[in-house]
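Below is one structure, written out as structure tokens; comments come after it.
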Amino acid sequence: MVTMKHEKNVVEPPCRMLPQLVSLERDSSLSLKMINIRSPQADFSSGPEVKTRLATASATSGRMAPERLQSDIVSIVKQENSKVRRRRGHASDPPLPGTHAGRGETPAADAVCSRNVHGPEETVMATKPTPSTAQVNAWEDDPGPAVEIARPAPDLSRQPLAYAFPHPQPAADKYQPGTAEFRYWTAAEALRRGADFWAPLLPVKSWQPGRTLSVKLDEGEDLNAFYDRQALNFFHGPGADGTLVFSGESPDVACHEMGHAILDAVKPDLWDAASQEAAAFHEGFGDISAILSALQLQSLRIAILNDTGGHLYRSSRLSRLAEQLGAAIRAQSPDAVEPDCLRNAVNSFTYSDPAELPSSAPASHLSSEPHSFSRVMSGAVFECLAGMLTASAADAKKPTEQELARVSTETGKIVIDAVVAAHVAPNFFAQVAAQMVQVSGAVNAAYPPVLRGVFVRRSILSLESVTSMAATALMPVAAVAAPAAQLALPGTRYGLAQPLLVQAPAQPRHFAITSGAPNGSSVQPPNALEAATAFVDDLFRNGRVDDQGLPASNARLVHTRRRLRTHRLKAEAAGVRLERQLFDCGFCCR
Ligand SMILES: [Zn+2]
């Protein structure tokens with residue numbers, strides 16, 4: 001028998017038929033109640049006297065041995081008795097986890113739970129949630145690695161950068177992975193954390209759609225997610241092991257999509273720019289957003305520094321993005337993603353003029369498709385992050401997690417300031433990179449050489465551009481950005497009877513520098529017409545344009561592989577306008 005003197009009501013689990021009923025309650029004056037496991041399907045229950053739903057776990061099967069369940073109950077009671085004693089007698093008790101809301105965090109606030117979600121399920125207890133102490137369970141970075149953490153319940157309505165999540169909102173509590181409540185809160189926690197990271201670094205205080213951004217957690221079947229200037233949209237699809245994968249459950253995916261919304265808020269000109277490099281930069285920024293948002297977790301910073309021995313630029317679960325979604329996509333399309341994730345920011349891709357690249361390629365090769373080409377920039381920024389950490393750490397061989405936190409914020413600031421200043425011109429990568437070099441000098445004098453080294457090695461900046469940069473080339477050649485120009489492309493090229501109207505990347509280049517060619521020289525950037533044509537060609541070749549039934553010519557293309565349409569055609573008096581509808585993850589399964 002298990003003795004629980006302080007409980008008003010205890011029903012010991014019968015040892016032969018599990019699970020049955022385990023009910024624990026506290027005296028109401030102690031503000032703690034727990035009711036646990038009613039049936040194999042019940043995740044939680046609440047009596048009329050229980051004011052708040054209380055989290056439970058492990059009511060899902062009879063796999064747990066009777067001895068294990070009994071042991072868990074004993075453990076829970078010991079923990080609760082200990083808490084009660086502390087509350088009664090020790091005013092100097094340490095603060096409860098999660099009492100530091102907002103951007104600051106304590107080690108306890110994101111303490112990693114020890115539960116192995118792939119192993120035998122265990123019982124989880126929860127205290128009565130209160131506004132200041134309520135916690136939720138969440139993934140640290142992705143359901144693939146499945147590192148679970150407890151975090152303060154996020155305030156989704158907090159400004160700036162508030163969210164509107166689906167209703168009704170489940171009570172903030174510690175739910176089991178696999179439940180809709182867990183998915184809700186892990187998405188909420190990641191998106192709040194990401195927005196709280198970016199908000200102080202932005203020159204704006206609202207999203208492009210307004211002060212509140214909608215989040216739609218499950219919009220149907222697709223291995224995808226997208227941002228459409230109205231909401232962040234997530235889906236579900238078949239996983240590699242036969243289970244369902246919910247894209248919104250991955251903090252990596254959520255913070256990638258949120259990154260599109262952040263970039264759109266500060267650089268709306270990129271939305272409709274007919275430019276391969278502008279579109280790829282959007283995707284790269286999404287991955288950078290996922291990485292920097294993850295680094296706001298102290299537990300992850302510690303884990304990654306340990307895993308990499310302090311050498312951040314090594315493949316780790318920080319650099320590997322969306323492992324679970326990647327596995328699900330790999331099961332359907334083996335060469336579409338990395339061997340162990342969707343994309344990896346530790347990569348060796350170097351810049352090539354995207355107009356010279358194929359419009360699609362296996363993940364092992366670079367193509368002009370935006371997600372593929374984005375890896376040049378996300379890899380470079382991740383390498384810059386690692387280099388700045390080494391350059392600024394007190395002990396370069398042993399950077400601390402506090403130093404990593406600082407450098408993550410500095411990286412975010414450098415990227416934001418650079419992209420805001422960069423003109424939307426052909427060879428956009430070089431313009432952003434030059435701005436990053438420029439901006440980084442104001443953050444730390446040790447950073448510009450690090451960034452120049454990374455960008456030259458990646459050929460994002462040519463060697464001759466960089467070597468002349470210090471003296472002359474960083475002098476602005478056009479201080480004021482001109483508004484984006486409208487271009488009319490020949491409609492017949494795309495089966496259209498009218499000209500195709502596009503927003504050209506026609507702002508004057510801010511810096512007279514360019515990316516590097518494979519032979520070490522500088523590339524000759526395309527003009528705006530050439531850049532726009534290459535971009536639109538890719539859209540049509542890859543089936544990314546919703547023609548809205550407009551063209552009915554023999555040149556109309558039918559794509560057997562269904563892809564989300566990122567763009568649509570809209571009839572106007574002067575021609576047919578090409579408009580962006582969304583930025584997505586680049587794959588769908590229907
Ligand atoms: Zn994206």
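Ordered as shown in the structure tokens, chains take letters A, B, and onward, while each chain numbers its residues from 1 and ligands are numbered from 1 in the order shown.
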
Could you list, as a count of residues only, all the residues within 9 Å of ligand 1, counting only C-alpha atoms and all ligand atoms?
-> 22

Could you give me, as a VMD selection string, the residues within 8 Å of Gln438 (chain A), counting only C-alpha atoms and dropping anything in the same chain fewer than 3 positions from it?
-> chain A and resid 434 to 435 441 to 442 448 474

Please, could you write that set of residues out with N, CA and C atoms as a compact mmCIF listing (two decimals), in the first residue's frame?
# COMPACT_ATOMS: atom_id res chain seq x y z
N ALA A 434 27.35 43.34 -47.91
CA ALA A 434 28.14 44.57 -47.73
C ALA A 434 27.58 45.41 -46.59
N GLN A 435 26.26 45.47 -46.51
CA GLN A 435 25.65 46.21 -45.41
C GLN A 435 25.97 45.55 -44.07
N GLY A 441 30.69 46.71 -37.88
CA GLY A 441 31.78 47.49 -37.29
C GLY A 441 31.33 48.36 -36.14
N ALA A 442 30.08 48.79 -36.18
CA ALA A 442 29.55 49.60 -35.09
C ALA A 442 29.20 48.75 -33.87
N PRO A 448 33.95 43.06 -38.54
CA PRO A 448 34.04 43.18 -40.01
C PRO A 448 35.02 42.22 -40.67
N LEU A 474 32.79 50.84 -50.24
CA LEU A 474 31.68 50.94 -49.31
C LEU A 474 31.09 52.34 -49.26

Give me, as an mmCIF file with N, CA, C and O atoms, in the first residue's frame, all polymer residues having an atom no more than 10 Å from region 192-198 of chain A, counting only C-alpha atoms and skipping those fewer than 6 positions away in the same chain.
data_model
loop_
_atom_site.group_PDB
_atom_site.id
_atom_site.type_symbol
_atom_site.label_atom_id
_atom_site.label_comp_id
_atom_site.auth_asym_id
_atom_site.auth_seq_id
_atom_site.Cartn_x
_atom_site.Cartn_y
_atom_site.Cartn_z
ATOM 1 N N GLY A 102 8.588 37.034 -19.842
ATOM 2 C CA GLY A 102 9.190 37.924 -20.823
ATOM 3 C C GLY A 102 10.507 37.404 -21.319
ATOM 4 O O GLY A 102 10.787 36.211 -21.294
ATOM 5 N N ARG A 103 11.355 38.309 -21.780
ATOM 6 C CA ARG A 103 12.570 37.882 -22.462
ATOM 7 C C ARG A 103 13.595 37.318 -21.504
ATOM 8 O O ARG A 103 14.384 36.474 -21.849
ATOM 9 N N ALA A 153 4.088 29.932 -19.459
ATOM 10 C CA ALA A 153 3.014 30.067 -20.448
ATOM 11 C C ALA A 153 3.127 31.420 -21.142
ATOM 12 O O ALA A 153 3.217 32.455 -20.477
ATOM 13 N N PRO A 154 3.165 31.437 -22.475
ATOM 14 C CA PRO A 154 3.347 32.700 -23.194
ATOM 15 C C PRO A 154 2.074 33.535 -23.215
ATOM 16 O O PRO A 154 0.963 32.994 -23.213
ATOM 17 N N ASP A 155 2.266 34.829 -23.248
ATOM 18 C CA ASP A 155 1.138 35.758 -23.412
ATOM 19 C C ASP A 155 1.064 36.131 -24.886
ATOM 20 O O ASP A 155 1.826 36.974 -25.372
ATOM 21 N N LEU A 156 0.168 35.515 -25.592
ATOM 22 C CA LEU A 156 0.098 35.711 -27.037
ATOM 23 C C LEU A 156 -0.428 37.083 -27.425
ATOM 24 O O LEU A 156 -0.188 37.550 -28.535
ATOM 25 N N SER A 157 -1.131 37.726 -26.526
ATOM 26 C CA SER A 157 -1.724 39.028 -26.863
ATOM 27 C C SER A 157 -0.780 40.180 -26.566
ATOM 28 O O SER A 157 -1.120 41.336 -26.819
ATOM 29 N N ARG A 158 0.391 39.867 -26.049
ATOM 30 C CA ARG A 158 1.299 40.951 -25.668
ATOM 31 C C ARG A 158 1.822 41.692 -26.898
ATOM 32 O O ARG A 158 2.245 41.080 -27.873
ATOM 33 N N GLN A 159 1.838 43.014 -26.810
ATOM 34 C CA GLN A 159 2.407 43.851 -27.859
ATOM 35 C C GLN A 159 3.839 44.211 -27.502
ATOM 36 O O GLN A 159 4.170 44.276 -26.316
ATOM 37 N N PRO A 160 4.717 44.487 -28.440
ATOM 38 C CA PRO A 160 4.417 44.433 -29.871
ATOM 39 C C PRO A 160 4.429 43.011 -30.410
ATOM 40 O O PRO A 160 4.891 42.094 -29.736
ATOM 41 N N LEU A 161 3.955 42.871 -31.626
ATOM 42 C CA LEU A 161 3.951 41.597 -32.337
ATOM 43 C C LEU A 161 3.089 40.557 -31.630
ATOM 44 O O LEU A 161 3.533 39.458 -31.298
ATOM 45 N N ALA A 162 1.838 40.918 -31.419
ATOM 46 C CA ALA A 162 0.887 39.990 -30.807
ATOM 47 C C ALA A 162 0.426 38.951 -31.829
ATOM 48 O O ALA A 162 0.554 39.141 -33.046
ATOM 49 N N TYR A 163 -0.127 37.871 -31.295
ATOM 50 C CA TYR A 163 -0.675 36.801 -32.138
ATOM 51 C C TYR A 163 -2.147 36.582 -31.815
ATOM 52 O O TYR A 163 -2.586 36.817 -30.687
ATOM 53 N N THR A 186 3.198 24.376 -27.611
ATOM 54 C CA THR A 186 4.580 24.388 -28.099
ATOM 55 C C THR A 186 4.702 25.390 -29.256
ATOM 56 O O THR A 186 5.722 26.091 -29.373
ATOM 57 N N PRO A 251 9.132 24.032 -33.441
ATOM 58 C CA PRO A 251 9.596 25.407 -33.267
ATOM 59 C C PRO A 251 10.453 25.872 -34.436
ATOM 60 O O PRO A 251 10.427 27.051 -34.798
ATOM 61 N N ALA A 254 7.901 26.771 -37.108
ATOM 62 C CA ALA A 254 7.110 27.926 -36.669
ATOM 63 C C ALA A 254 7.938 29.211 -36.750
ATOM 64 O O ALA A 254 7.466 30.243 -37.247
ATOM 65 N N CYS A 255 9.182 29.139 -36.267
ATOM 66 C CA CYS A 255 10.004 30.356 -36.246
ATOM 67 C C CYS A 255 10.574 30.683 -37.625
ATOM 68 O O CYS A 255 10.969 31.817 -37.869
ATOM 69 N N HIS A 256 10.615 29.706 -38.516
ATOM 70 C CA HIS A 256 10.942 30.006 -39.915
ATOM 71 C C HIS A 256 9.804 30.817 -40.539
ATOM 72 O O HIS A 256 10.053 31.865 -41.153
ATOM 73 N N MET A 258 7.487 32.486 -39.012
ATOM 74 C CA MET A 258 7.450 33.781 -38.334
ATOM 75 C C MET A 258 8.532 34.701 -38.881
ATOM 76 O O MET A 258 8.342 35.920 -38.977
ATOM 77 N N GLY A 259 9.671 34.144 -39.270
ATOM 78 C CA GLY A 259 10.736 34.944 -39.852
ATOM 79 C C GLY A 259 10.295 35.623 -41.145
ATOM 80 O O GLY A 259 10.655 36.770 -41.413
ATOM 81 N N ALA A 261 7.318 36.635 -41.708
ATOM 82 C CA ALA A 261 6.462 37.753 -41.278
ATOM 83 C C ALA A 261 7.295 38.898 -40.707
ATOM 84 O O ALA A 261 6.970 40.069 -40.917
ATOM 85 N N ILE A 262 8.376 38.564 -40.009
ATOM 86 C CA ILE A 262 9.259 39.611 -39.470
ATOM 87 C C ILE A 262 9.906 40.381 -40.622
ATOM 88 O O ILE A 262 9.919 41.624 -40.660
ATOM 89 N N SER A 289 16.004 33.017 -38.606
ATOM 90 C CA SER A 289 15.050 33.298 -37.534
ATOM 91 C C SER A 289 14.862 32.073 -36.642
ATOM 92 O O SER A 289 14.794 32.192 -35.412
ATOM 93 N N ALA A 290 14.760 30.902 -37.241
ATOM 94 C CA ALA A 290 14.596 29.681 -36.449
ATOM 95 C C ALA A 290 15.810 29.454 -35.549
ATOM 96 O O ALA A 290 15.682 29.098 -34.370
ATOM 97 N N ILE A 291 16.994 29.687 -36.086
ATOM 98 C CA ILE A 291 18.222 29.453 -35.315
ATOM 99 C C ILE A 291 18.355 30.470 -34.183
ATOM 100 O O ILE A 291 18.623 30.109 -33.032
ATOM 101 N N LEU A 292 18.160 31.735 -34.481
ATOM 102 C CA LEU A 292 18.324 32.759 -33.450
ATOM 103 C C LEU A 292 17.223 32.668 -32.399
ATOM 104 O O LEU A 292 17.474 32.931 -31.210
ATOM 105 N N SER A 293 16.030 32.287 -32.810
ATOM 106 C CA SER A 293 14.953 32.112 -31.824
ATOM 107 C C SER A 293 15.273 30.945 -30.895
ATOM 108 O O SER A 293 15.021 31.019 -29.687
ATOM 109 N N ALA A 294 15.811 29.873 -31.453
ATOM 110 C CA ALA A 294 16.184 28.728 -30.616
ATOM 111 C C ALA A 294 17.258 29.116 -29.610
ATOM 112 O O ALA A 294 17.263 28.638 -28.463
ATOM 113 N N LEU A 295 18.152 29.992 -30.015
ATOM 114 C CA LEU A 295 19.250 30.389 -29.134
ATOM 115 C C LEU A 295 18.792 31.259 -27.966
ATOM 116 O O LEU A 295 19.601 31.582 -27.090
ATOM 117 N N GLN A 296 17.535 31.628 -27.940
ATOM 118 C CA GLN A 296 17.041 32.375 -26.781
ATOM 119 C C GLN A 296 16.710 31.447 -25.623
ATOM 120 O O GLN A 296 16.308 31.909 -24.547
ATOM 121 N N LEU A 297 16.890 30.167 -25.817
ATOM 122 C CA LEU A 297 16.706 29.198 -24.737
ATOM 123 C C LEU A 297 18.061 28.882 -24.122
ATOM 124 O O LEU A 297 18.956 28.372 -24.790
ATOM 125 N N SER A 408 24.040 36.097 -30.361
ATOM 126 C CA SER A 408 22.810 35.832 -31.122
ATOM 127 C C SER A 408 22.014 37.116 -31.322
ATOM 128 O O SER A 408 21.471 37.368 -32.408
ATOM 129 N N THR A 409 21.955 37.938 -30.291
ATOM 130 C CA THR A 409 21.252 39.221 -30.416
ATOM 131 C C THR A 409 21.999 40.157 -31.364
ATOM 132 O O THR A 409 21.380 40.844 -32.197
ATOM 133 N N GLY A 412 21.274 39.123 -34.882
ATOM 134 C CA GLY A 412 19.946 39.576 -35.295
ATOM 135 C C GLY A 412 19.932 41.052 -35.642
ATOM 136 O O GLY A 412 19.347 41.467 -36.649
ATOM 137 N N LYS A 413 20.598 41.849 -34.831
ATOM 138 C CA LYS A 413 20.628 43.294 -35.087
ATOM 139 C C LYS A 413 21.367 43.604 -36.384
ATOM 140 O O LYS A 413 20.922 44.434 -37.188
ATOM 141 N N ILE A 416 19.152 42.591 -39.385
ATOM 142 C CA ILE A 416 18.003 43.483 -39.568
ATOM 143 C C ILE A 416 18.464 44.842 -40.100
ATOM 144 O O ILE A 416 17.911 45.374 -41.076
#

Find the residues around region 182-185 of chain A up to 10 Å (only C-alpha atoms counted), leave out those fewer than 2 positions away in its own chain, and share them as a ChimeraX atom specification.
-> /A:135-139,151,153-154,165-166,169-180,187-191,217-218,246-250

Where in region 224-415 of chain A does DSSP assign strand (DSSP E), given as a ChimeraX atom specification?
-> /A:225-227,231-234,236-238,244-246,320-321,343-344
